[in-house]
Every structure is written in C-alpha cells, then in structure tokens.
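*Asks:* Please see the structure below; I have some questions.
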Amino acid sequence: MKCLVKARPEEGLWMETRPVPEIGPDDVLIKVHRTGICGTDVHIWNWDAWARRTVPVGLITGHEFAGEIVELGRRVEDLKIGQRCSGEGHLIGHHSRQSRSGKFHLDPETRGIGVNEPGCFAEYLRLPAFNVVPLPDSIPDEIGAILDPLGNAVHTALSYDLVGEDVLITGAGPIGIMAAAVAQHVGARHVVITDVNPYRLELAERVTEVVAVNVATTDLRDVMRDLGMKEGFDVGLEMSGNAAAFDQMVEAMVMGGRIAMLGIPEGRTEVDWSRIVFKALTIKGVYGREIFETWYKMIAMLEDGLDISRIITHRFPAAEFEKGFAAMKSGKSGKVVLDWSA
Ligand code: NAD
Ligand code: ZN
C-alpha cells in the first residue's frame, strides 16, 4: 500500500510502498478515504526538537482520518465490514488509575497513531476495534477526517457551561475557529475570537458569525466596550499557544472567570500568577478528546446542524501531499484534506 513515511531524520515526508498491516483479534482494518493534515504533522515534517525526541524514523504518519472497515479481527463482534468510520487516534492502556476509573483520555500510557504507532497517511490503517467511531450517513468522509481536531475544539469548548456566557477565544487556527462555532451552537452570548493573521480572521468570519478581532491592530478593550461588556469574559478558550495571547486573555477575564487551555506554548513562558490569583480564575489544561464522550457530543451536534464544513480550505489527492503541507505552512489555510481513494 502507499503510505507517507518519516523515512529519514530530516525535513520532509516520503511516499513509500509498504505491506497492508496485519490485524490482531481485537483490531479492524480500515481502508482510508480521507485524512486531515494537523499542525502535529507539520512538526513531524519539519523534524523539530519535539518530533526528533518523539517520533521513530520509519513511522507511517497521520492521525486524522475517515474510511471504511474492510476486515474484522476474530474477536470483533459489534462492527461490520463496509461500516464507514473515523476513530480515536489515542491508543490507551487499561492499567493506570485513570484508565481503570473510565477516564480513558487521561491514561498516561496513551500512544498516538502517526506519532508513536503507525498512522493513517496510508491506504490502510489497523486500529483497535475499541477506537473505532462509526459515522452516520449524514457526516461525509471529509468531515469524518477532521473529527479529531473538531474533538479538541469540542472538548475544550464544553469544559464549562457556555449558555448565555461571553466567551473569548485566542487563536483563530482551525481548532479555535471550530471552537467558536461550537460556542455559538451551544448558546454562548458574545463570542470573540482573536488572531494576528488577517487570513485566519477572515476565515473565522466565513465559518462562523462570531466577532473576529485582529489584536495587532485593534484594542480588545474597545471591542468589549462596543459589545456592552462591562466586566470581562466569563470563559476563555486559549487556542494559540502564544504567551502574549494568554496574558491578554487573563487581562480580559471577569473576576472568577474560567479558562480552558488547549494551545501548547513553546517551552516555558512567563505568567503573571498574582493576577490570576487576585482575579480568582480557574484554569484547566485540555488534552485530546474525552473518550468517547466528546465523540458522542460532536456527532450529535453535527447531526443537529453544527456546520464547520467551510473550515476545509484545501483538498488534494494523497499523491500531491507536498502541496497540502505547503498550504499548511503558508499560514493561509484552514484544514487541509488529502484524498486516499483518488
Ligand atoms: P494553529 O497554529 O493553526 O493556530 C494558532 C493560531 O494562533 C494562528 O492562527 C496564530 O496566528 C494565532 N496566534 C498567534 N499569536 C497570537 C496572539 N498573540 N493572539 C491571538 N492569536 C495568535 O493551531 P491549531 O491547529 O488551530 O491548534 C491550536 C493550538 O492547540 C496549537 O497550539 C496546538 O499545538 C494545540 N493543540 C493542542 C492539543 C492538545 O491536546 N492539547 C491538540 C491539538 C492542538
Ligand atoms: Zn490532529
């Protein structure tokens, strides 16, 4: 089968031919239809310090996918050949305290497909049946292929009750924009998203109806005043990984406000802790998706009219993956989807 491999310890990914994976008794084999390119894949392409420490050379990359089950392990009972599916790319253990209490997404032994284990940038993917998430007919493959990052957005956005609340989202990357759509969908009052990249802010306006603010040119306090907000945002969703954005968020929060952080700052960053204490803020780190609570909720919301389809800005056949990665690196893309059936 064709697959995209981190074949050498240097910048790039290479299309190779490998045998179709053999499956174990509890696995399924999935024929991959569409995959999403993630920021993580760009880190792996760039072979930065994180990728060098984490990703084994020779690994098949990719973790965002939708496809169809073509083979069932002998102990798999509740799935069928021909079932369209996406799936959770975090492969969890069953030994840790958290896993044994049903908090699968907090298992410290988690291994990621396309990061630690063979991934989905391939014609076929082996996945434990446990990780499979069947797709209803109403969700097309290309949306199925971005449920992983939509899940990050949903997990973060649903960290707190948003009904009637004023929500600030810092970072209008694909995940920030999808989180803004989710906040609106579940009934937040004002939703404001910030960025410093005009393309991303325009994209936010195309995908959602939230207020998009370029904080390089506009004072957030003016926006708050125009919206009639006197005391600050009730909920903050940090989705940029940028220390200045987090600082601005802390400044803009109401007393007792709640922040969920998905963005991953690079290395150690400075934080004004006394301000966080005196504002009595709650801060929650968010990792991955809740397995499988987030999946149920996001599929229900998609079936109930949540529309994030315009976040996909580029589509390429898998053979043209280099164009896909170039789009990702340009700063002028939303989600980029590769077609493996072409
Ligand atoms: P992205 O890099 O595409 O988007 C980040 C956006 O933040 C960019 O558009 C950038 O211009 C913007 N930004 C930079 N400085 C800013 C500032 N001062 N104010 C406001 N915006 C600013 O990333 P993404 O794929 O949308 O992911 C969002 C974040 O979530 C990233 O940090 C990513 O590493 C992280 N992430 C975390 C998890 C997890 O499990 N915790 C999973 C996926 C992604
Ligand atoms: Zn991803």
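Chain labels A, B, ... are given in the sequence in which chains occur in the structure tokens; within each chain residues are numbered consecutively from 1, and ligands are likewise numbered from 1 in the order shown.
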Go through the chains and note each residue within 7 Å of ligand 1, using only C-alpha atoms and all ligand atoms, then give the set as a PDB file with C-alpha atoms, in the first residue's frame.
*Replies:*
ATOM      1  CA  CYS A  38      -2.609  18.536  11.530  1.00  0.00           C
ATOM      2  CA  GLY A  39      -0.126  21.034  12.958  1.00  0.00           C
ATOM      3  CA  PRO A 149      -9.380  18.370  15.729  1.00  0.00           C
ATOM      4  CA  ASN A 152     -10.188  19.065  20.502  1.00  0.00           C
ATOM      5  CA  THR A 170      -7.459  33.383  21.470  1.00  0.00           C
ATOM      6  CA  GLY A 171      -6.082  31.898  18.220  1.00  0.00           C
ATOM      7  CA  ALA A 172      -8.156  31.557  15.040  1.00  0.00           C
ATOM      8  CA  GLY A 173      -6.421  28.414  13.798  1.00  0.00           C
ATOM      9  CA  PRO A 174      -8.686  25.616  12.604  1.00  0.00           C
ATOM     10  CA  ILE A 175      -9.316  24.465  16.173  1.00  0.00           C
ATOM     11  CA  GLY A 176     -10.026  27.954  17.541  1.00  0.00           C
ATOM     12  CA  THR A 194      -8.621  36.890  18.233  1.00  0.00           C
ATOM     13  CA  ASP A 195      -5.601  36.378  15.992  1.00  0.00           C
ATOM     14  CA  VAL A 196      -2.834  38.418  14.381  1.00  0.00           C
ATOM     15  CA  ASN A 197      -3.135  36.753  10.960  1.00  0.00           C
ATOM     16  CA  ARG A 200      -7.280  33.397   9.702  1.00  0.00           C
ATOM     17  CA  VAL A 215      -5.224  42.179  18.203  1.00  0.00           C
ATOM     18  CA  MET A 239      -6.099  28.063  21.282  1.00  0.00           C
ATOM     19  CA  SER A 240      -2.962  29.874  20.087  1.00  0.00           C
ATOM     20  CA  GLY A 241      -0.167  28.527  22.276  1.00  0.00           C
ATOM     21  CA  ASN A 242       1.066  32.125  22.357  1.00  0.00           C
ATOM     22  CA  ALA A 244       1.037  37.107  24.814  1.00  0.00           C
ATOM     23  CA  ALA A 245      -2.425  35.813  23.891  1.00  0.00           C
ATOM     24  CA  LEU A 262      -5.608  23.707  24.549  1.00  0.00           C
ATOM     25  CA  GLY A 263      -2.815  25.759  22.934  1.00  0.00           C
ATOM     26  CA  ILE A 264       0.656  24.427  23.670  1.00  0.00           C
ATOM     27  CA  PRO A 265       3.177  27.164  24.477  1.00  0.00           C
ATOM     28  CA  VAL A 286      -7.072  20.188  27.961  1.00  0.00           C
ATOM     29  CA  TYR A 287      -5.545  17.170  26.263  1.00  0.00           C
ATOM     30  CA  GLY A 288      -7.049  15.338  23.312  1.00  0.00           C
TER      31      GLY A 288
END
*Asks:* Collect all residues with atoms no farther than 12 Å from ligand 2, counting only C-alpha atoms and all ligand atoms, and output them as a PyMOL selection string.
*Replies:* chain A and resi 35-44+61-65+88-90+112-115+119-120+145-153+174-175+287-289+335-337
*Asks:* Using DSSP assignments from the backbone, pull out every residue in range 73-317 of chain A that falls under alpha helix (DSSP H) and give it to me as number ranges by chain.
*Replies:* A: 97-100, 141-144, 147-157, 174-185, 198-207, 220-226, 243-252, 273-278, 293-303
*Asks:* Find, counting only C-alpha atoms, the residue in A:Thr54, A:Thr313, A:Ser96, A:Asn46 that gets nearest to Pro108 in chain A.
*Replies:*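 Of all the options, A:Ser96 lies closest to Pro108 in chain A.
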*Asks:* Between A:Glu266, A:Asp339, A:Glu293, A:Glu165, which is the closest to Met253 in chain A once you count only C-alpha atoms?
*Replies:*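 Of the candidates, the smallest distance to Met253 in chain A is held by A:Glu165.
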*Asks:* Hey, what does DSSP flag as strand (DSSP E or B) within range 176-324 of chain A? Can you give it to me as an NGL selection string?
*Replies:* :A and (191-195 or 211-214 or 233-238 or 253-261 or 282-285 or 312-317)
*Asks:* CA of Ser309 in chain A to CA of Tyr160 in chain A: how many Å, to one decimal?
*Replies:*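 Separation of CA of Ser309 in chain A and CA of Tyr160 in chain A: 24.5 Å.
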*Asks:* Ranking A:Glu109, A:Asn116, A:Glu123, A:Val28 by minimum distance to Gly82 in chain A and counting only C-alpha atoms, which one comes first?
*Replies:*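 That would be A:Val28, the residue with the smallest distance to Gly82 in chain A.
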*Asks:* How far is it from CA of Ala342 in chain A to CA of His33 in chain A, in Å with one decimal?
*Replies:*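 Result for CA of Ala342 in chain A versus CA of His33 in chain A: 8.7 Å, one decimal.
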*Asks:* Of the residues A:Ala326, A:Ile60, A:Ile299, A:Ala260, which is the one nearest to Phe121 in chain A, using only C-alpha atoms?
*Replies:*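 Under the stated criterion, the closest residue is A:Ile60.
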*Asks:* Do you have the CA of Asp137 in chain A-CA of Ile311 in chain A distance handy?
*Replies:*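 Here the two named atoms are 20.1 Å from each other.
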*Asks:* Could you build a table of the residues in range 226-321 of chain A lying no more than 9 Å from range 219-222 of chain A, giving for each the nearest pair of atoms and their separation in Å rounded to one decimal place, using only C-alpha atoms, ordered by chain and ascending residue number, as CSV?
*Replies:*
residue,atom,partner,partner_atom,distance
A:Asp226,CA,A:Asp222,CA,6.2
A:Leu227,CA,A:Asp222,CA,8.7
A:Gln248,CA,A:Leu220,CA,8.6
A:Ala252,CA,A:Arg221,CA,7.7
*Asks:* So, with only C-alpha atoms as the atoms that count, which of A:Met229, A:Ile69, A:Leu59, A:Met255 lies closest to Lys279 in chain A?
*Replies:* A:Met255
*Asks:* What's around Asp26 in chain A at 9 Å? Count only C-alpha atoms, leave out sequence neighbours fewer than 6 positions away in its own chain, and write the answer as a list of chain:residue names.
*Replies:* A:Leu72, A:Gly73, A:Arg74, A:Arg75, A:Val76, A:Leu127, A:Pro128, A:Ala129, A:Phe130
*Asks:* Rank A:Leu306, A:His190, A:Glu205, A:Cys3 by their smallest atom-to-atom distance to Val223 in chain A, using only C-alpha atoms, and report the top residue only.
*Replies:*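 Nearest to Val223 in chain A: A:His190.
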